[in-house]
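Colleague: Just query_2.cif, nothing more (mmCIF, C-alpha atoms):
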```
data_query
loop_
_atom_site.group_PDB
_atom_site.id
_atom_site.type_symbol
_atom_site.label_atom_id
_atom_site.label_comp_id
_atom_site.auth_asym_id
_atom_site.auth_seq_id
_atom_site.Cartn_x
_atom_site.Cartn_y
_atom_site.Cartn_z
ATOM 1 C CA HIS Y 267 22.383 -18.206 30.888
ATOM 2 C CA THR Y 268 23.041 -14.550 31.594
ATOM 3 C CA MET Y 269 24.625 -12.041 29.220
ATOM 4 C CA LEU Y 270 25.416 -8.351 29.569
ATOM 5 C CA ALA Y 271 22.839 -6.717 27.314
ATOM 6 C CA HIS Y 272 23.415 -3.006 27.941
ATOM 7 C CA VAL Y 273 25.515 -1.062 30.445
ATOM 8 C CA ASP Y 274 22.754 1.504 31.058
ATOM 9 C CA PRO Y 275 19.000 0.986 31.630
ATOM 10 C CA ILE Y 276 17.203 -1.044 28.951
ATOM 11 C CA ARG Y 277 14.136 0.814 27.661
ATOM 12 C CA ASP Y 278 12.417 -1.498 25.171
ATOM 13 C CA ILE Y 279 12.474 -4.875 23.414
ATOM 14 C CA SER Y 280 10.752 -6.188 20.298
ATOM 15 C CA PHE Y 281 10.624 -9.713 18.894
ATOM 16 C CA CYS Y 282 11.337 -10.374 15.234
ATOM 17 C CA PRO Y 283 8.013 -11.705 13.873
ATOM 18 C CA PHE Y 284 9.635 -14.346 11.638
ATOM 19 C CA ASP Y 285 12.880 -15.433 13.333
ATOM 20 C CA SER Y 286 14.379 -16.438 16.683
ATOM 21 C CA LYS Y 287 15.628 -12.918 17.356
ATOM 22 C CA PHE Y 288 14.675 -9.876 19.365
ATOM 23 C CA ALA Y 289 16.011 -6.324 19.523
ATOM 24 C CA SER Y 290 16.760 -4.282 22.637
ATOM 25 C CA CYS Y 291 17.561 -0.612 23.166
ATOM 26 C CA GLY Y 292 18.743 1.462 26.066
ATOM 27 C CA ASP Y 293 20.199 4.597 27.539
ATOM 28 C CA ASP Y 294 23.655 3.594 26.248
ATOM 29 C CA GLY Y 295 22.441 4.758 22.804
ATOM 30 C CA LEU Y 296 22.672 1.269 21.314
ATOM 31 C CA ILE Y 297 20.277 -1.084 19.565
ATOM 32 C CA LYS Y 298 21.267 -4.735 19.831
ATOM 33 C CA VAL Y 299 19.816 -7.715 17.994
ATOM 34 C CA TRP Y 300 19.914 -11.011 19.874
ATOM 35 C CA ASP Y 301 19.546 -14.588 18.666
ATOM 36 C CA PHE Y 302 17.927 -16.327 21.619
ATOM 37 C CA GLU Y 303 18.372 -19.834 20.180
ATOM 38 C CA GLN Y 304 22.101 -19.439 19.554
ATOM 39 C CA TYR Y 305 22.507 -17.292 22.681
ATOM 40 C CA LYS Y 306 24.466 -14.479 21.021
ATOM 41 C CA CYS Y 307 24.340 -10.852 19.963
ATOM 42 C CA ASP Y 308 23.929 -10.725 16.164
ATOM 43 C CA CYS Y 309 24.573 -7.020 15.685
ATOM 44 C CA ILE Y 310 24.967 -3.680 17.416
ATOM 45 C CA MET Y 311 23.594 -0.553 15.760
ATOM 46 C CA GLN Y 312 24.575 2.954 16.780
ATOM 47 C CA GLY Y 313 23.411 6.232 15.283
ATOM 48 C CA HIS Y 314 21.247 8.008 17.817
ATOM 49 C CA GLY Y 315 23.340 10.551 19.701
ATOM 50 C CA THR Y 316 21.910 9.591 23.078
ATOM 51 C CA ASP Y 317 19.350 7.332 24.846
ATOM 52 C CA VAL Y 318 17.250 5.062 22.620
ATOM 53 C CA LYS Y 319 13.840 4.934 24.313
ATOM 54 C CA CYS Y 320 11.805 2.620 22.072
ATOM 55 C CA LEU Y 321 11.852 0.344 19.056
ATOM 56 C CA ASP Y 322 9.606 -1.943 17.047
ATOM 57 C CA TRP Y 323 10.338 -4.672 14.521
ATOM 58 C CA HIS Y 324 8.448 -4.378 11.226
ATOM 59 C CA PRO Y 325 5.634 -6.995 11.053
ATOM 60 C CA TYR Y 326 7.015 -8.743 7.967
ATOM 61 C CA LYS Y 327 10.186 -6.986 6.739
ATOM 62 C CA GLY Y 328 13.564 -7.125 8.416
ATOM 63 C CA VAL Y 329 13.457 -3.456 9.418
ATOM 64 C CA ILE Y 330 13.461 -1.878 12.874
ATOM 65 C CA VAL Y 331 12.159 1.595 13.725
ATOM 66 C CA SER Y 332 13.554 3.314 16.830
ATOM 67 C CA GLY Y 333 12.853 6.466 18.809
ATOM 68 C CA SER Y 334 15.333 8.468 20.839
ATOM 69 C CA LYS Y 335 15.895 11.341 23.211
ATOM 70 C CA ASP Y 336 18.246 12.767 20.532
ATOM 71 C CA CYS Y 337 16.665 15.789 18.810
ATOM 72 C CA GLN Y 338 19.076 15.441 15.843
ATOM 73 C CA GLN Y 339 18.191 11.778 15.183
ATOM 74 C CA PRO Y 340 14.731 11.391 16.786
ATOM 75 C CA ILE Y 341 13.420 8.440 14.726
ATOM 76 C CA MET Y 342 15.575 6.080 12.697
ATOM 77 C CA LEU Y 343 14.944 3.078 10.463
ATOM 78 C CA TRP Y 344 17.500 0.263 10.591
ATOM 79 C CA ASP Y 345 18.476 -2.833 8.632
ATOM 80 C CA PRO Y 346 19.813 -5.324 11.194
ATOM 81 C CA ARG Y 347 21.172 -7.590 8.426
ATOM 82 C CA THR Y 348 23.745 -4.918 7.547
ATOM 83 C CA SER Y 349 23.791 -3.163 10.980
ATOM 84 C CA SER Y 350 23.109 0.109 9.170
ATOM 85 C CA ALA Y 351 20.734 3.042 9.427
ATOM 86 C CA LEU Y 352 18.400 3.409 6.440
ATOM 87 C CA CYS Y 353 17.039 6.888 7.173
ATOM 88 C CA THR Y 354 16.182 9.442 9.844
ATOM 89 C CA VAL Y 355 12.685 10.881 10.326
ATOM 90 C CA HIS Y 356 12.277 14.358 11.876
ATOM 91 C CA ILE Y 357 8.673 14.765 13.036
ATOM 92 C CA HIS Y 358 9.000 15.493 16.778
ATOM 93 C CA LYS Y 359 10.424 18.383 18.783
ATOM 94 C CA ASN Y 360 11.314 16.310 21.869
ATOM 95 C CA ALA Y 361 12.192 12.765 22.949
ATOM 96 C CA VAL Y 362 10.282 9.921 21.283
ATOM 97 C CA MET Y 363 9.060 7.628 24.072
ATOM 98 C CA SER Y 364 7.046 4.999 22.168
ATOM 99 C CA ILE Y 365 6.874 3.786 18.570
ATOM 100 C CA LYS Y 366 4.826 1.035 16.883
ATOM 101 C CA TRP Y 367 4.188 -0.267 13.349
ATOM 102 C CA ASN Y 368 0.626 -0.908 12.249
ATOM 103 C CA ALA Y 369 -0.313 -4.485 11.267
ATOM 104 C CA SER Y 370 0.274 -3.954 7.536
ATOM 105 C CA GLY Y 371 3.639 -2.275 8.121
ATOM 106 C CA ASN Y 372 3.000 0.787 5.968
ATOM 107 C CA LEU Y 373 2.537 3.193 8.917
ATOM 108 C CA PHE Y 374 4.096 3.761 12.295
ATOM 109 C CA ALA Y 375 2.841 5.846 15.196
ATOM 110 C CA SER Y 376 5.218 7.652 17.541
ATOM 111 C CA ALA Y 377 4.536 9.283 20.908
ATOM 112 C CA SER Y 378 6.754 12.081 22.151
ATOM 113 C CA LYS Y 379 7.473 14.267 25.144
ATOM 114 C CA ASP Y 380 6.386 17.135 22.857
ATOM 115 C CA LYS Y 381 2.848 15.977 23.828
ATOM 116 C CA THR Y 382 1.995 14.680 20.350
ATOM 117 C CA ILE Y 383 1.353 11.371 18.653
ATOM 118 C CA LYS Y 384 2.347 11.332 14.988
ATOM 119 C CA VAL Y 385 1.309 8.847 12.315
ATOM 120 C CA PHE Y 386 3.887 8.468 9.538
ATOM 121 C CA ASP Y 387 3.464 6.770 6.153
ATOM 122 C CA ILE Y 388 6.650 4.921 5.266
ATOM 123 C CA ARG Y 389 5.664 4.544 1.584
ATOM 124 C CA SER Y 390 5.364 8.285 0.910
ATOM 125 C CA MET Y 391 7.798 9.253 3.716
ATOM 126 C CA LYS Y 392 5.221 11.770 4.957
ATOM 127 C CA GLU Y 393 3.538 12.550 8.244
ATOM 128 C CA LEU Y 394 -0.177 11.751 7.931
ATOM 129 C CA GLN Y 395 -1.641 13.022 11.194
ATOM 130 C CA THR Y 396 -0.788 14.696 14.473
ATOM 131 C CA PHE Y 397 -2.738 14.090 17.660
ATOM 132 C CA ARG Y 398 -2.374 16.689 20.416
ATOM 133 C CA GLY Y 399 -3.913 16.938 23.824
ATOM 134 C CA HIS Y 400 -1.855 15.268 26.507
ATOM 135 C CA LYS Y 401 -0.911 18.058 28.903
ATOM 136 C CA LYS Y 402 1.594 16.230 31.140
#
```
What does this structure look like when you write it as structure tokens?

Modeller:
Amino acid sequence: HTMLAHVDPIRDISFCPFDSKFASCGDDGLIKVWDFEQYKCDCIMQGHGTDVKCLDWHPYKGVIVSGSKDCQQPIMLWDPRTSSALCTVHIHKNAVMSIKWNASGNLFASASKDKTIKVFDIRSMKELQTFRGHKK
């Protein structure tokens, strides 16, 4: 079977750790959740103003974190059950190119074109650390 996932380049995918679903994101600014057993799109989430570059499904909660080229909405947390944005996190000054939860799901790390990696604590909603050093 073949389905149209996104109309622009697809940048990242992440499997749901406890269900037969995965999420995809792309340069069309959309995040889509797919049920690969029922062969259908479960939901479409939109909130970033432009390209969504990366996403990661929380290791045990039904929450997705995404990173974008959009400086107004750089990192967003989503609830795919309601197709809604939970919050926006402003910790980078340029496009977020990669984002990952840690194994316990209380932190995520994000890498940006601003040449930093940031570690963010979701419980306190605070940035814990910044790593600098990549020049290009």

Colleague: Suppose you want the space between CA of Leu270 in chain Y and CA of Ile341 in chain Y; what is it in Å?

Modeller: 25.4 Å

Colleague: Using only C-alpha atoms, which protein or nucleic acid residues come within 10 Å of Met363 in chain Y? Drop anything in the same chain fewer than 4 positions from it, and give the result as a PDB file with C-alpha atoms, keeping the file's coordinate frame.

Modeller:
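Output (part26.pdb):
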```
ATOM      1  CA  ARG Y 277      14.136   0.814  27.661  1.00  0.00           C
ATOM      2  CA  ASP Y 278      12.417  -1.498  25.171  1.00  0.00           C
ATOM      3  CA  VAL Y 318      17.250   5.062  22.620  1.00  0.00           C
ATOM      4  CA  LYS Y 319      13.840   4.934  24.313  1.00  0.00           C
ATOM      5  CA  CYS Y 320      11.805   2.620  22.072  1.00  0.00           C
ATOM      6  CA  LEU Y 321      11.852   0.344  19.056  1.00  0.00           C
ATOM      7  CA  SER Y 332      13.554   3.314  16.830  1.00  0.00           C
ATOM      8  CA  GLY Y 333      12.853   6.466  18.809  1.00  0.00           C
ATOM      9  CA  SER Y 334      15.333   8.468  20.839  1.00  0.00           C
ATOM     10  CA  LYS Y 335      15.895  11.341  23.211  1.00  0.00           C
ATOM     11  CA  PRO Y 340      14.731  11.391  16.786  1.00  0.00           C
ATOM     12  CA  SER Y 376       5.218   7.652  17.541  1.00  0.00           C
ATOM     13  CA  ALA Y 377       4.536   9.283  20.908  1.00  0.00           C
ATOM     14  CA  SER Y 378       6.754  12.081  22.151  1.00  0.00           C
ATOM     15  CA  LYS Y 379       7.473  14.267  25.144  1.00  0.00           C
ATOM     16  CA  ASP Y 380       6.386  17.135  22.857  1.00  0.00           C
TER      17      ASP Y 380
END
```

Colleague: List as a PyMOL selection string the protein and nucleic acid residues near Trp344 in chain Y, meaning an atom at most 6 Å away when all atoms listed in the file are counted, but skip any in the same chain fewer than 5 places from it.

Modeller: chain Y and resi 329-330+350-352

Colleague: Fewer than 5 positions away in the same chain doesn't count, so skip those; otherwise give me all residues within 10 Å of Thr316 in chain Y, counting all atoms listed in the file, as a ChimeraX atom specification.

Modeller: /Y:292-296,334-340

Colleague: Write out the residues from the selection above, keeping C-alpha atoms, as an mmCIF file, keeping the file's coordinate frame.

Modeller:
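Contents of the output file selection13.cif:
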```cif
data_model
loop_
_atom_site.group_PDB
_atom_site.id
_atom_site.type_symbol
_atom_site.label_atom_id
_atom_site.label_comp_id
_atom_site.auth_asym_id
_atom_site.auth_seq_id
_atom_site.Cartn_x
_atom_site.Cartn_y
_atom_site.Cartn_z
ATOM 1 C CA GLY Y 292 18.743 1.462 26.066
ATOM 2 C CA ASP Y 293 20.199 4.597 27.539
ATOM 3 C CA ASP Y 294 23.655 3.594 26.248
ATOM 4 C CA GLY Y 295 22.441 4.758 22.804
ATOM 5 C CA LEU Y 296 22.672 1.269 21.314
ATOM 6 C CA SER Y 334 15.333 8.468 20.839
ATOM 7 C CA LYS Y 335 15.895 11.341 23.211
ATOM 8 C CA ASP Y 336 18.246 12.767 20.532
ATOM 9 C CA CYS Y 337 16.665 15.789 18.810
ATOM 10 C CA GLN Y 338 19.076 15.441 15.843
ATOM 11 C CA GLN Y 339 18.191 11.778 15.183
ATOM 12 C CA PRO Y 340 14.731 11.391 16.786
#
```

Colleague: Would you please work out which residue, of Y:Ile388, Y:Cys309, Y:Ile279, Y:Ala271, is nearest to Met342 in chain Y when using only C-alpha atoms?

Modeller: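 Of all the options, Y:Ile388 lies closest to Met342 in chain Y.
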
Colleague: As an exercise, work out the distance from CA of Asp322 in chain Y to CA of Lys366 in chain Y in Å and give it to one decimal place.

Modeller: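 About the pair CA of Asp322 in chain Y and CA of Lys366 in chain Y: they are 5.6 Å apart.
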